[in-house]
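Q: Below is the file coords_14.txt, which contains compact mmCIF, C-alpha atoms.
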```txt
# COMPACT_ATOMS: atom_id res chain seq x y z
CA MET A 1 13.28 8.28 -7.44
CA PHE A 2 16.99 7.63 -6.76
CA ARG A 3 16.27 3.94 -6.21
CA GLN A 4 14.46 3.71 -9.55
CA LEU A 5 17.38 5.38 -11.38
CA SER A 6 19.86 3.02 -9.74
CA LYS A 7 17.97 0.06 -11.24
CA ILE A 8 18.67 1.27 -14.80
CA SER A 9 20.94 -1.05 -16.78
CA THR A 10 24.67 -0.32 -16.79
CA ALA A 11 24.66 0.50 -20.52
CA LYS A 12 21.96 3.13 -20.02
CA GLN A 13 23.84 4.53 -17.02
CA PHE A 14 26.89 5.05 -19.23
CA LEU A 15 24.81 6.79 -21.89
CA ILE A 16 23.02 9.02 -19.39
CA SER A 17 26.25 9.95 -17.59
CA ILE A 18 28.09 10.82 -20.80
CA GLY A 19 25.07 12.70 -22.16
CA LEU A 20 24.69 14.70 -18.95
CA VAL A 21 28.38 15.70 -18.93
CA PHE A 22 28.16 16.78 -22.59
CA LEU A 23 24.93 18.73 -21.94
CA VAL A 24 26.34 20.62 -18.94
CA SER A 25 29.62 21.25 -20.77
CA ALA A 26 27.78 22.64 -23.79
CA ALA A 27 25.72 24.95 -21.59
CA CYS A 28 28.89 26.19 -19.88
CA TYR A 29 30.64 26.67 -23.22
CA PHE A 30 27.86 28.89 -24.58
CA ALA A 31 27.98 30.86 -21.32
CA SER A 32 31.79 30.99 -21.25
CA ASP A 33 31.72 34.77 -21.79
CA PHE A 34 30.15 35.05 -18.35
CA LEU A 35 31.82 32.13 -16.57
CA GLU A 36 35.47 31.75 -15.66
CA TYR A 37 37.00 28.37 -16.41
CA LYS A 38 37.45 27.76 -12.67
CA VAL A 39 33.69 28.19 -12.12
CA VAL A 40 33.09 25.70 -14.93
CA ALA A 41 35.24 23.20 -12.99
CA PHE A 42 32.94 23.50 -9.97
CA ILE A 43 29.87 23.04 -12.15
CA LEU A 44 31.31 19.90 -13.73
CA LEU A 45 32.32 18.55 -10.31
CA LEU A 46 28.74 19.08 -9.15
CA THR A 47 27.51 17.15 -12.19
CA VAL A 48 29.84 14.23 -11.40
CA SER A 49 28.63 14.29 -7.77
CA LEU A 50 24.99 14.07 -8.83
CA ILE A 51 25.79 11.16 -11.15
CA ALA A 52 27.61 9.41 -8.29
CA ILE A 53 24.53 9.69 -6.06
CA VAL A 54 22.45 7.41 -8.29
CA PHE A 55 24.69 5.42 -10.64
CA ASN A 56 27.27 2.67 -10.29
CA ILE A 57 30.98 3.37 -9.91
CA LEU A 58 32.10 2.67 -13.52
CA PRO A 59 29.76 5.23 -15.18
CA VAL A 60 30.82 7.71 -12.47
CA LEU A 61 34.53 7.22 -13.22
CA VAL A 62 33.89 7.58 -16.95
CA ALA A 63 31.94 10.79 -16.29
CA ALA A 64 34.75 12.13 -14.08
CA THR A 65 37.41 11.40 -16.73
CA LEU A 66 35.31 12.84 -19.55
CA SER A 67 34.51 16.01 -17.60
CA ALA A 68 38.23 16.56 -16.87
CA LEU A 69 39.18 16.16 -20.55
CA ILE A 70 36.34 18.43 -21.72
CA TRP A 71 37.31 21.07 -19.15
CA ASN A 72 40.90 20.94 -20.39
CA PHE A 73 40.03 20.98 -24.10
CA PHE A 74 37.33 23.65 -24.17
CA PHE A 75 37.99 25.89 -21.17
CA ILE A 76 41.72 25.90 -20.22
CA HIS A 77 43.97 28.04 -22.41
CA PRO A 78 45.18 27.35 -25.01
CA LEU A 79 41.68 26.27 -26.13
CA PHE A 80 40.92 23.26 -28.33
CA THR A 81 44.07 21.42 -27.33
CA PHE A 82 45.05 19.17 -24.48
CA HIS A 83 48.22 21.19 -23.98
CA ILE A 84 48.17 23.34 -20.83
CA GLY A 85 50.18 26.55 -21.02
CA ALA A 86 50.46 27.79 -17.43
CA PRO A 87 51.91 25.55 -14.70
CA GLU A 88 49.16 26.76 -12.38
CA ASP A 89 46.49 25.55 -14.81
CA GLY A 90 48.28 22.23 -15.12
CA PHE A 91 48.20 21.83 -11.35
CA LEU A 92 44.51 22.80 -11.30
CA PHE A 93 43.76 20.23 -13.98
CA LEU A 94 45.59 17.51 -12.05
CA MET A 95 43.77 18.43 -8.86
CA TYR A 96 40.44 18.50 -10.70
CA PHE A 97 41.12 15.03 -12.09
CA VAL A 98 42.02 13.64 -8.66
CA ILE A 99 39.15 15.38 -6.84
CA ALA A 100 36.61 14.25 -9.46
CA PHE A 101 37.73 10.63 -9.03
CA ILE A 102 37.85 10.77 -5.23
CA ASN A 103 34.48 12.56 -5.09
CA GLY A 104 32.88 9.99 -7.36
CA VAL A 105 34.31 7.02 -5.46
CA LEU A 106 33.46 8.39 -2.00
CA THR A 107 29.93 9.43 -2.99
CA ASN A 108 29.31 6.01 -4.49
CA ARG A 109 30.71 4.33 -1.38
CA ILE A 110 28.51 6.47 0.91
CA ARG A 111 25.50 5.49 -1.19
CA LYS A 112 26.38 1.82 -0.80
CA ILE A 113 26.76 2.21 2.95
CA GLU A 114 23.36 3.94 3.16
CA LYS A 115 21.82 1.18 1.06
CA GLN A 116 23.34 -1.46 3.33
CA ALA A 117 22.04 0.39 6.40
CA ARG A 118 18.54 0.52 4.87
CA GLU A 119 18.65 -3.19 4.08
CA GLU A 120 19.75 -4.01 7.63
CA GLU A 121 17.00 -1.78 9.02
CA GLU A 122 14.41 -3.45 6.79
CA LYS A 123 15.74 -6.86 7.82
CA ALA A 124 15.47 -5.92 11.49
CA LYS A 125 11.95 -4.62 10.89
CA THR A 126 11.03 -7.87 9.15
CA VAL A 127 12.37 -9.87 12.10
CA ARG A 128 10.34 -7.74 14.53
CA LEU A 129 7.19 -8.21 12.45
CA TYR A 130 7.90 -11.93 12.20
CA ASN A 131 8.28 -12.23 15.97
CA THR A 132 5.11 -10.19 16.53
CA LEU A 133 3.20 -12.34 14.08
CA LEU A 134 4.59 -15.57 15.48
CA ASN A 135 3.72 -14.62 19.05
CA SER A 136 0.24 -13.57 18.00
CA LEU A 137 -0.40 -16.67 15.92
CA SER A 138 0.91 -18.97 18.63
CA HIS A 139 -2.05 -17.84 20.76
CA GLU A 140 -4.63 -17.27 18.05
CA LEU A 141 -4.15 -20.54 16.17
CA LYS A 142 -3.72 -22.68 19.26
CA THR A 143 -7.35 -22.22 20.39
CA PRO A 144 -9.16 -23.37 17.21
CA ILE A 145 -6.68 -26.20 16.63
CA SER A 146 -7.16 -27.46 20.20
CA THR A 147 -10.94 -27.23 19.76
CA ILE A 148 -10.86 -29.19 16.50
CA VAL A 149 -8.55 -31.89 17.91
CA GLY A 150 -10.52 -32.21 21.15
CA ALA A 151 -13.91 -32.39 19.46
CA ALA A 152 -12.65 -34.84 16.83
CA ASP A 153 -11.17 -37.10 19.53
CA ASN A 154 -14.48 -37.10 21.42
CA LEU A 155 -16.37 -38.01 18.26
CA LEU A 156 -13.98 -40.83 17.44
CA ASP A 157 -13.40 -42.28 20.90
CA ALA A 158 -16.85 -41.96 22.38
CA GLN A 159 -19.09 -41.98 19.36
CA SER A 160 -21.30 -44.71 20.68
CA ASN A 161 -21.84 -42.95 24.02
CA LEU A 162 -22.62 -39.51 22.61
CA SER A 163 -26.17 -38.31 22.21
CA THR A 164 -27.30 -36.76 18.96
CA ASP A 165 -27.29 -33.31 20.56
CA ASN A 166 -23.77 -33.79 21.92
CA SER A 167 -22.50 -34.96 18.56
CA LYS A 168 -24.14 -32.01 16.86
CA GLU A 169 -22.59 -29.62 19.39
CA LEU A 170 -19.12 -31.09 18.82
CA ILE A 171 -19.54 -30.85 15.06
CA GLU A 172 -20.62 -27.20 15.41
CA ASN A 173 -17.54 -26.53 17.56
CA ILE A 174 -15.33 -28.03 14.86
CA SER A 175 -17.05 -25.94 12.20
CA VAL A 176 -16.66 -22.69 14.16
CA ALA A 177 -13.01 -23.42 15.00
CA ALA A 178 -12.27 -24.34 11.38
CA LEU A 179 -13.83 -21.10 10.17
CA ARG A 180 -11.79 -19.16 12.72
CA LEU A 181 -8.63 -20.93 11.61
CA ASN A 182 -9.47 -20.30 7.97
CA GLN A 183 -10.03 -16.61 8.71
CA GLN A 184 -6.56 -16.26 10.19
CA VAL A 185 -5.00 -17.98 7.18
CA GLU A 186 -7.01 -15.71 4.85
CA ASN A 187 -5.79 -12.66 6.74
CA LEU A 188 -2.18 -13.82 6.51
CA LEU A 189 -2.45 -14.42 2.78
CA SER A 190 -4.18 -11.07 2.29
CA MET A 191 -1.52 -9.23 4.29
CA SER A 192 1.16 -11.00 2.26
CA ARG A 193 -0.45 -9.67 -0.93
CA LEU A 194 -0.58 -6.16 0.49
CA GLU A 195 3.03 -6.32 1.71
CA SER A 196 4.23 -7.47 -1.72
CA GLY A 197 2.92 -4.24 -3.23
CA PHE A 198 1.66 -6.08 -6.30
CA ILE A 199 -2.02 -6.22 -5.41
CA GLN A 200 -4.15 -5.06 -8.33
CA PRO A 201 -7.95 -5.30 -8.11
CA LYS A 202 -9.43 -7.59 -10.76
CA LYS A 203 -12.59 -5.61 -11.37
CA ASP A 204 -15.78 -7.04 -12.79
CA TRP A 205 -19.47 -6.27 -12.46
CA CYS A 206 -20.66 -6.99 -8.90
CA ASP A 207 -24.15 -7.24 -7.51
CA ILE A 208 -23.99 -5.66 -4.04
CA ASN A 209 -27.00 -7.67 -2.84
CA GLU A 210 -25.21 -10.88 -3.72
CA LEU A 211 -21.95 -9.63 -2.15
CA VAL A 212 -23.58 -8.70 1.17
CA TYR A 213 -25.68 -11.85 1.53
CA ASP A 214 -22.76 -14.14 0.57
CA VAL A 215 -20.75 -12.69 3.46
CA VAL A 216 -23.70 -12.88 5.85
CA ASN A 217 -24.26 -16.54 4.95
CA ARG A 218 -20.57 -17.31 5.58
CA LEU A 219 -20.91 -15.75 9.03
CA GLU A 220 -24.25 -17.36 9.86
CA GLN A 221 -22.88 -19.15 12.92
CA GLN A 222 -21.14 -16.05 14.31
CA LEU A 223 -24.14 -13.79 13.70
CA LYS A 224 -26.87 -16.14 14.92
CA ASN A 225 -27.04 -14.42 18.34
CA HIS A 226 -27.21 -10.90 16.88
CA LYS A 227 -30.04 -8.94 15.35
CA LEU A 228 -28.89 -8.16 11.81
CA THR A 229 -30.62 -5.45 9.77
CA ILE A 230 -29.71 -5.19 6.08
CA THR A 231 -30.78 -2.14 4.10
CA ILE A 232 -29.77 -2.06 0.43
CA GLU A 233 -30.93 0.81 -1.72
CA GLU A 234 -33.56 -0.15 -4.27
CA ASN A 235 -32.39 -0.31 -7.92
CA LEU A 236 -28.77 -0.20 -6.84
CA PRO A 237 -26.63 -0.46 -10.00
CA LEU A 238 -23.93 -3.02 -10.60
CA TYR A 239 -20.46 -1.80 -9.66
CA LYS A 240 -17.14 -2.69 -11.21
CA LEU A 241 -15.19 -4.02 -8.22
CA ASP A 242 -12.94 -6.87 -7.19
CA TYR A 243 -15.52 -9.23 -5.68
CA VAL A 244 -12.98 -11.28 -3.70
CA LEU A 245 -11.33 -8.23 -2.12
CA MET A 246 -14.64 -6.59 -1.20
CA GLU A 247 -15.94 -9.88 0.20
CA GLN A 248 -12.91 -9.99 2.51
CA VAL A 249 -13.51 -6.36 3.55
CA LEU A 250 -17.10 -7.01 4.58
CA TYR A 251 -16.22 -10.34 6.18
CA ASN A 252 -13.57 -8.79 8.42
CA LEU A 253 -15.85 -5.94 9.52
CA LEU A 254 -18.84 -8.17 10.26
CA TYR A 255 -16.65 -10.79 11.96
CA ASN A 256 -15.24 -8.11 14.26
CA ALA A 257 -18.75 -6.81 14.97
CA SER A 258 -19.96 -10.32 15.85
CA ILE A 259 -17.08 -10.81 18.31
CA TYR A 260 -16.94 -7.43 20.03
CA THR A 261 -20.65 -6.62 20.36
CA PRO A 262 -22.76 -8.13 23.16
CA PRO A 263 -25.07 -11.07 22.35
CA TYR A 264 -28.36 -10.04 20.74
CA ALA A 265 -27.00 -6.56 19.97
CA ASP A 266 -28.03 -4.89 16.72
CA ILE A 267 -25.75 -4.86 13.69
CA PHE A 268 -26.73 -2.74 10.70
CA ILE A 269 -25.53 -3.10 7.10
CA THR A 270 -26.46 -0.33 4.67
CA ALA A 271 -25.49 -0.08 1.00
CA LYS A 272 -26.36 2.86 -1.23
CA ASN A 273 -25.21 4.79 -4.26
CA ASN A 274 -23.98 8.37 -3.98
CA ALA A 275 -23.65 10.28 -7.23
CA GLU A 276 -21.59 13.42 -7.66
CA LYS A 277 -22.81 15.45 -10.63
CA ILE A 278 -20.07 17.16 -12.60
CA TYR A 279 -21.19 20.22 -14.57
CA GLN A 280 -19.63 21.88 -17.59
CA LEU A 281 -19.93 25.55 -18.51
CA ASP A 282 -22.51 26.38 -21.14
CA ALA A 283 -20.69 28.87 -23.40
CA ALA A 284 -23.91 30.41 -24.64
CA THR A 285 -25.42 31.22 -21.27
CA ALA A 286 -22.27 31.20 -19.13
CA ASN A 287 -24.15 28.95 -16.68
CA HIS A 288 -23.19 25.56 -15.32
CA SER A 289 -26.47 24.13 -16.58
CA GLU A 290 -25.35 21.21 -18.69
CA ILE A 291 -24.39 18.00 -16.89
CA LYS A 292 -21.08 16.69 -18.16
CA ARG A 293 -21.03 13.36 -16.29
CA GLU A 294 -22.02 11.67 -13.07
CA LYS A 295 -19.42 10.12 -10.76
CA ASN A 296 -20.82 7.25 -8.70
CA TYR A 297 -19.68 6.16 -5.26
CA LEU A 298 -20.60 2.90 -3.60
CA THR A 299 -21.23 3.64 0.08
CA ILE A 300 -21.38 0.79 2.59
CA LEU A 301 -22.08 1.41 6.28
CA ILE A 302 -21.42 -1.18 9.00
CA GLU A 303 -22.85 -0.03 12.33
CA ASP A 304 -23.16 -1.91 15.58
CA ARG A 305 -24.59 -1.41 19.04
CA GLY A 306 -21.46 -2.33 20.95
CA PRO A 307 -18.98 -0.63 23.27
CA GLY A 308 -17.41 1.43 20.47
CA PHE A 309 -13.70 2.30 20.33
CA PRO A 310 -11.57 4.33 22.75
CA LYS A 311 -11.29 7.86 21.34
CA ASP A 312 -7.50 7.93 21.58
CA GLU A 313 -7.23 4.70 19.55
CA LEU A 314 -9.60 5.48 16.66
CA GLU A 315 -6.75 6.45 14.29
CA LYS A 316 -4.61 3.44 15.24
CA VAL A 317 -7.06 0.59 14.64
CA PHE A 318 -6.12 0.30 10.95
CA ASP A 319 -2.41 -0.12 11.76
CA LYS A 320 -0.90 -3.52 11.11
CA PHE A 321 -0.76 -5.79 14.20
CA TYR A 322 -2.46 -3.13 16.33
CA ARG A 323 -4.81 -4.50 18.96
CA LEU A 324 -6.97 -2.40 21.25
CA SER A 325 -5.89 -2.17 24.86
CA ASN A 326 -9.24 -3.54 26.01
CA SER A 327 -9.62 -6.17 23.28
CA LYS A 328 -10.28 -9.80 23.96
CA THR A 329 -7.52 -12.36 23.91
CA GLY A 330 -6.66 -13.71 20.49
CA GLY A 331 -6.58 -11.95 17.16
CA THR A 332 -3.58 -10.93 15.10
CA GLY A 333 -4.45 -7.28 14.59
CA LEU A 334 -4.54 -7.76 10.82
CA GLY A 335 -8.28 -7.64 10.07
CA LEU A 336 -8.81 -3.87 9.93
CA SER A 337 -5.45 -3.15 8.27
CA ILE A 338 -6.53 -5.53 5.48
CA VAL A 339 -9.87 -3.70 5.24
CA LYS A 340 -8.04 -0.40 4.77
CA GLY A 341 -5.57 -1.86 2.25
CA PHE A 342 -8.24 -3.52 0.09
CA VAL A 343 -10.50 -0.45 0.11
CA GLU A 344 -7.60 1.82 -0.83
CA ALA A 345 -6.68 -0.60 -3.62
CA HIS A 346 -10.06 0.45 -5.10
CA GLN A 347 -9.09 4.13 -4.63
CA GLY A 348 -11.68 4.30 -1.87
CA THR A 349 -11.72 5.34 1.78
CA VAL A 350 -12.79 3.72 5.03
CA VAL A 351 -13.58 5.83 8.10
CA LEU A 352 -14.28 4.71 11.66
CA GLU A 353 -16.25 6.82 14.11
CA ASN A 354 -18.08 6.28 17.36
CA VAL A 355 -21.83 6.78 17.28
CA PRO A 356 -24.32 6.65 20.17
CA HIS A 357 -24.16 3.12 21.65
CA GLY A 358 -21.69 1.74 19.12
CA ALA A 359 -19.29 2.16 16.21
CA LEU A 360 -19.74 3.00 12.53
CA PHE A 361 -17.49 2.05 9.61
CA THR A 362 -18.14 4.04 6.43
CA ILE A 363 -16.71 2.75 3.15
CA GLU A 364 -16.81 4.92 0.04
CA ILE A 365 -15.51 3.62 -3.28
CA PRO A 366 -15.64 5.46 -6.60
CA ALA A 367 -16.68 2.86 -9.15
CA GLU A 368 -17.97 2.48 -12.66
CA THR A 369 -21.63 1.49 -12.68
CA SER A 370 -23.59 -0.68 -15.05
CA TYR A 371 -24.88 1.18 -18.11
CA ILE A 372 -28.01 -0.96 -18.20
CA ASN A 373 -28.80 -0.19 -14.56
CA ASN A 374 -28.23 3.50 -15.13
CA LEU A 375 -30.78 3.45 -17.93
CA LYS A 376 -33.27 1.72 -15.64
CA ASN A 377 -32.71 4.27 -12.89
CA GLU A 378 -33.32 7.12 -15.31
```
Just give me the structure of the file as structure tokens.

A:
Amino acid sequence: MFRQLSKISTAKQFLISIGLVFLVSAACYFASDFLEYKVVAFILLLTVSLIAIVFNILPVLVAATLSALIWNFFFIHPLFTFHIGAPEDGFLFLMYFVIAFINGVLTNRIRKIEKQAREEEEKAKTVRLYNTLLNSLSHELKTPISTIVGAADNLLDAQSNLSTDNSKELIENISVAALRLNQQVENLLSMSRLESGFIQPKKDWCDINELVYDVVNRLEQQLKNHKLTITIEENLPLYKLDYVLMEQVLYNLLYNASIYTPPYADIFITAKNNAEKIYQLDAATANHSEIKREKNYLTILIEDRGPGFPKDELEKVFDKFYRLSNSKTGGTGLGLSIVKGFVEAHQGTVVLENVPHGALFTIEIPAETSYINNLKNE
């Protein structure tokens, strides 16, 4: 909140500061029968201090000067004049003026120091993240690049000596390595969008069947040694989602499942609609008998028959750059954090739990459903 106020233009800061001083002074004036003028001085000093916490130095100094003049004119006897009768009151006024200025300047300076400390801390954090990412990528990107270069060299230098099967194998290696490289680049770009804080889902009507099978086809090579079972609820409505974001969510989850589950292990994909019926009170019968509306949730389950996750690491797997202690070499630790970020961008939730002989990811997203499909379902 303070940071947002500090971004207000200087002209508006002047107006707000002056208005706040006038408002507090007016309130004190109407309560002057109950407040001594010395108490009013403390109240005005507090007002200047609050202004100094969020605004720039010039509006603060203007507020300090204005508060001193108002205190003199309306609260120090003789009233409604800048003349001060008692020497003690003159000294108090001078001290008020000095203290208000010093308080405003020091508070503003402390705020700047805190801001500088925050910026240095954020810069240090950025450097740490950069080093972590660089170290991770230096290992993760090296493997697919080496594979692509090696296979391409073999195809170019020994093309005449390679059998058809060998050539096909090298081409498949290039394809797999390129897909792996592309996945890391996609994750980096996705994390960059999440870090920027400007990610806004571009929602449109999505066919969940099409979404699921598009991802499965993209991962055909990685999933070829697994038994994949897809169960999509019949007459599933269209959902208003960001297709690209949800495609990345499913891709990351299935890609992880293909890597960390044993060959020929089962992987299950389930998609269904959950509807929460919202009732309204029938005034005539005082019963909740009339349905007001129906809130639809898209539920997607990704379950595998793999080793599962260590219990003490279940809540950490969605953290950025976090990699399991028993994970394979490679990987940047971005895949699941992107899943969480993209699902939450849809106001949804993703939950990980261990199930017998594997792990289960449950995604629930509240989404608008197609009116035409709803009519068909009814």

Q: Skip Val212 (chain A) itself and residues of its chain fewer than 4 positions away, then list as a VMD selection string all residues within 10 Å of it, counting all atoms listed in the file.

A: chain A and resid 207 to 208 216 to 217 230 232 246 to 247 250 to 251 269 to 271 300

Q: Based on the selection just made, write C-alpha atoms of those residues as a PDB file, in the frame of the given file.

A:
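Contents of the output file out-v2.pdb:
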```pdb
ATOM      1  CA  ASP A 207     -24.150  -7.240  -7.510  1.00  0.00           C
ATOM      2  CA  ILE A 208     -23.990  -5.660  -4.040  1.00  0.00           C
ATOM      3  CA  VAL A 216     -23.700 -12.880   5.850  1.00  0.00           C
ATOM      4  CA  ASN A 217     -24.260 -16.540   4.950  1.00  0.00           C
ATOM      5  CA  ILE A 230     -29.710  -5.190   6.080  1.00  0.00           C
ATOM      6  CA  ILE A 232     -29.770  -2.060   0.430  1.00  0.00           C
ATOM      7  CA  MET A 246     -14.640  -6.590  -1.200  1.00  0.00           C
ATOM      8  CA  GLU A 247     -15.940  -9.880   0.200  1.00  0.00           C
ATOM      9  CA  LEU A 250     -17.100  -7.010   4.580  1.00  0.00           C
ATOM     10  CA  TYR A 251     -16.220 -10.340   6.180  1.00  0.00           C
ATOM     11  CA  ILE A 269     -25.530  -3.100   7.100  1.00  0.00           C
ATOM     12  CA  THR A 270     -26.460  -0.330   4.670  1.00  0.00           C
ATOM     13  CA  ALA A 271     -25.490  -0.080   1.000  1.00  0.00           C
ATOM     14  CA  ILE A 300     -21.380   0.790   2.590  1.00  0.00           C
TER      15      ILE A 300
END
```

Q: Hey, can you check how far CA of Ser67 (chain A) sits from CA of Leu44 (chain A)?

A: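 Spanning CA of Ser67 (chain A) to CA of Leu44 (chain A) is a straight-line distance of 6.4 Å.
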
Q: Tell me, as an mmCIF file with C-alpha atoms, keeping the file's coordinate frame, which residues lie within 12 Å of Val343 (chain A), counting only C-alpha atoms; anything in the same chain fewer than 2 positions away does not count.

A:
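Contents of out08.cif, freshly written:
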```cif
data_model
loop_
_atom_site.group_PDB
_atom_site.id
_atom_site.type_symbol
_atom_site.label_atom_id
_atom_site.label_comp_id
_atom_site.auth_asym_id
_atom_site.auth_seq_id
_atom_site.Cartn_x
_atom_site.Cartn_y
_atom_site.Cartn_z
ATOM 1 C CA LEU A 194 -0.580 -6.160 0.490
ATOM 2 C CA ILE A 199 -2.020 -6.220 -5.410
ATOM 3 C CA GLN A 200 -4.150 -5.060 -8.330
ATOM 4 C CA PRO A 201 -7.950 -5.300 -8.110
ATOM 5 C CA LEU A 241 -15.190 -4.020 -8.220
ATOM 6 C CA ASP A 242 -12.940 -6.870 -7.190
ATOM 7 C CA TYR A 243 -15.520 -9.230 -5.680
ATOM 8 C CA VAL A 244 -12.980 -11.280 -3.700
ATOM 9 C CA LEU A 245 -11.330 -8.230 -2.120
ATOM 10 C CA MET A 246 -14.640 -6.590 -1.200
ATOM 11 C CA GLU A 247 -15.940 -9.880 0.200
ATOM 12 C CA GLN A 248 -12.910 -9.990 2.510
ATOM 13 C CA VAL A 249 -13.510 -6.360 3.550
ATOM 14 C CA LEU A 250 -17.100 -7.010 4.580
ATOM 15 C CA LEU A 298 -20.600 2.900 -3.600
ATOM 16 C CA THR A 299 -21.230 3.640 0.080
ATOM 17 C CA ILE A 300 -21.380 0.790 2.590
ATOM 18 C CA PHE A 318 -6.120 0.300 10.950
ATOM 19 C CA LEU A 336 -8.810 -3.870 9.930
ATOM 20 C CA SER A 337 -5.450 -3.150 8.270
ATOM 21 C CA ILE A 338 -6.530 -5.530 5.480
ATOM 22 C CA VAL A 339 -9.870 -3.700 5.240
ATOM 23 C CA LYS A 340 -8.040 -0.400 4.770
ATOM 24 C CA GLY A 341 -5.570 -1.860 2.250
ATOM 25 C CA ALA A 345 -6.680 -0.600 -3.620
ATOM 26 C CA HIS A 346 -10.060 0.450 -5.100
ATOM 27 C CA GLN A 347 -9.090 4.130 -4.630
ATOM 28 C CA GLY A 348 -11.680 4.300 -1.870
ATOM 29 C CA THR A 349 -11.720 5.340 1.780
ATOM 30 C CA VAL A 350 -12.790 3.720 5.030
ATOM 31 C CA VAL A 351 -13.580 5.830 8.100
ATOM 32 C CA THR A 362 -18.140 4.040 6.430
ATOM 33 C CA ILE A 363 -16.710 2.750 3.150
ATOM 34 C CA GLU A 364 -16.810 4.920 0.040
ATOM 35 C CA ILE A 365 -15.510 3.620 -3.280
ATOM 36 C CA PRO A 366 -15.640 5.460 -6.600
ATOM 37 C CA ALA A 367 -16.680 2.860 -9.150
#
```

Q: What does the structure give for the distance between CA of Lys316 (chain A) and CA of Gly335 (chain A), in Å to one decimal?

A: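 So the two atoms, CA of Lys316 (chain A) and CA of Gly335 (chain A), lie 12.8 Å apart.
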
Q: At what distance in Å, to one decimal, does CA of Thr147 (chain A) lie from CA of Ile171 (chain A)?

A: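 These atoms are spaced 10.4 Å apart.
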
Q: For region 11-21 of chain A, I'd like the enclosing box, axis-aligned and padded by 4 Å on every side, reported as JSON with centre and edge lengths in Å to one decimal.

A:
```
{"center_x": 25.2, "center_y": 8.1, "center_z": -19.6, "size_x": 14.4, "size_y": 23.2, "size_z": 13.1}
```

Q: Of the residues A:Phe55, A:Phe73, A:Phe82, A:Tyr297, which is the one nearest to Arg109 (chain A), using only C-alpha atoms?

A: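 Answer, going by the shortest atom-to-atom distance: A:Phe55.
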
Q: Which residue is closest to Ile99 (chain A)? Choose from A:Ala41, A:Phe30, A:Asn252, A:His77 and count all atoms listed in the file.

A: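 For Ile99 (chain A), the nearest of the given residues is A:Ala41.
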
Q: Check the smallest atom-to-atom distance from each of A:Asp204, A:Ser370, A:Leu23, A:Tyr213 to Pro237 (chain A) using all atoms listed in the file, then report the winner.

A: A:Ser370

Q: Name the residues, using the chain letters and numbers of the file, that sit within 12 Å of (-20.7, -10.7, 21.7) when counting all atoms listed in the file, and give them as an mmCIF file with C-alpha atoms, in the coordinates of the input.

A:
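The result, stored in point.cif:
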```cif
data_model
loop_
_atom_site.group_PDB
_atom_site.id
_atom_site.type_symbol
_atom_site.label_atom_id
_atom_site.label_comp_id
_atom_site.auth_asym_id
_atom_site.auth_seq_id
_atom_site.Cartn_x
_atom_site.Cartn_y
_atom_site.Cartn_z
ATOM 1 C CA GLN A 222 -21.140 -16.050 14.310
ATOM 2 C CA LEU A 223 -24.140 -13.790 13.700
ATOM 3 C CA LYS A 224 -26.870 -16.140 14.920
ATOM 4 C CA ASN A 225 -27.040 -14.420 18.340
ATOM 5 C CA HIS A 226 -27.210 -10.900 16.880
ATOM 6 C CA LYS A 227 -30.040 -8.940 15.350
ATOM 7 C CA LEU A 254 -18.840 -8.170 10.260
ATOM 8 C CA TYR A 255 -16.650 -10.790 11.960
ATOM 9 C CA ASN A 256 -15.240 -8.110 14.260
ATOM 10 C CA ALA A 257 -18.750 -6.810 14.970
ATOM 11 C CA SER A 258 -19.960 -10.320 15.850
ATOM 12 C CA ILE A 259 -17.080 -10.810 18.310
ATOM 13 C CA TYR A 260 -16.940 -7.430 20.030
ATOM 14 C CA THR A 261 -20.650 -6.620 20.360
ATOM 15 C CA PRO A 262 -22.760 -8.130 23.160
ATOM 16 C CA PRO A 263 -25.070 -11.070 22.350
ATOM 17 C CA TYR A 264 -28.360 -10.040 20.740
ATOM 18 C CA ALA A 265 -27.000 -6.560 19.970
ATOM 19 C CA ASP A 266 -28.030 -4.890 16.720
ATOM 20 C CA ILE A 267 -25.750 -4.860 13.690
ATOM 21 C CA ASP A 304 -23.160 -1.910 15.580
ATOM 22 C CA ARG A 305 -24.590 -1.410 19.040
ATOM 23 C CA GLY A 306 -21.460 -2.330 20.950
ATOM 24 C CA PRO A 307 -18.980 -0.630 23.270
ATOM 25 C CA LYS A 328 -10.280 -9.800 23.960
#
```

Q: So, counting only C-alpha atoms, which residue among A:Ala63, A:Ala124, A:Ile57, A:Leu94 is closest to Ile110 (chain A)?

A: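 Among the listed residues, A:Ile57 lies closest to Ile110 (chain A).
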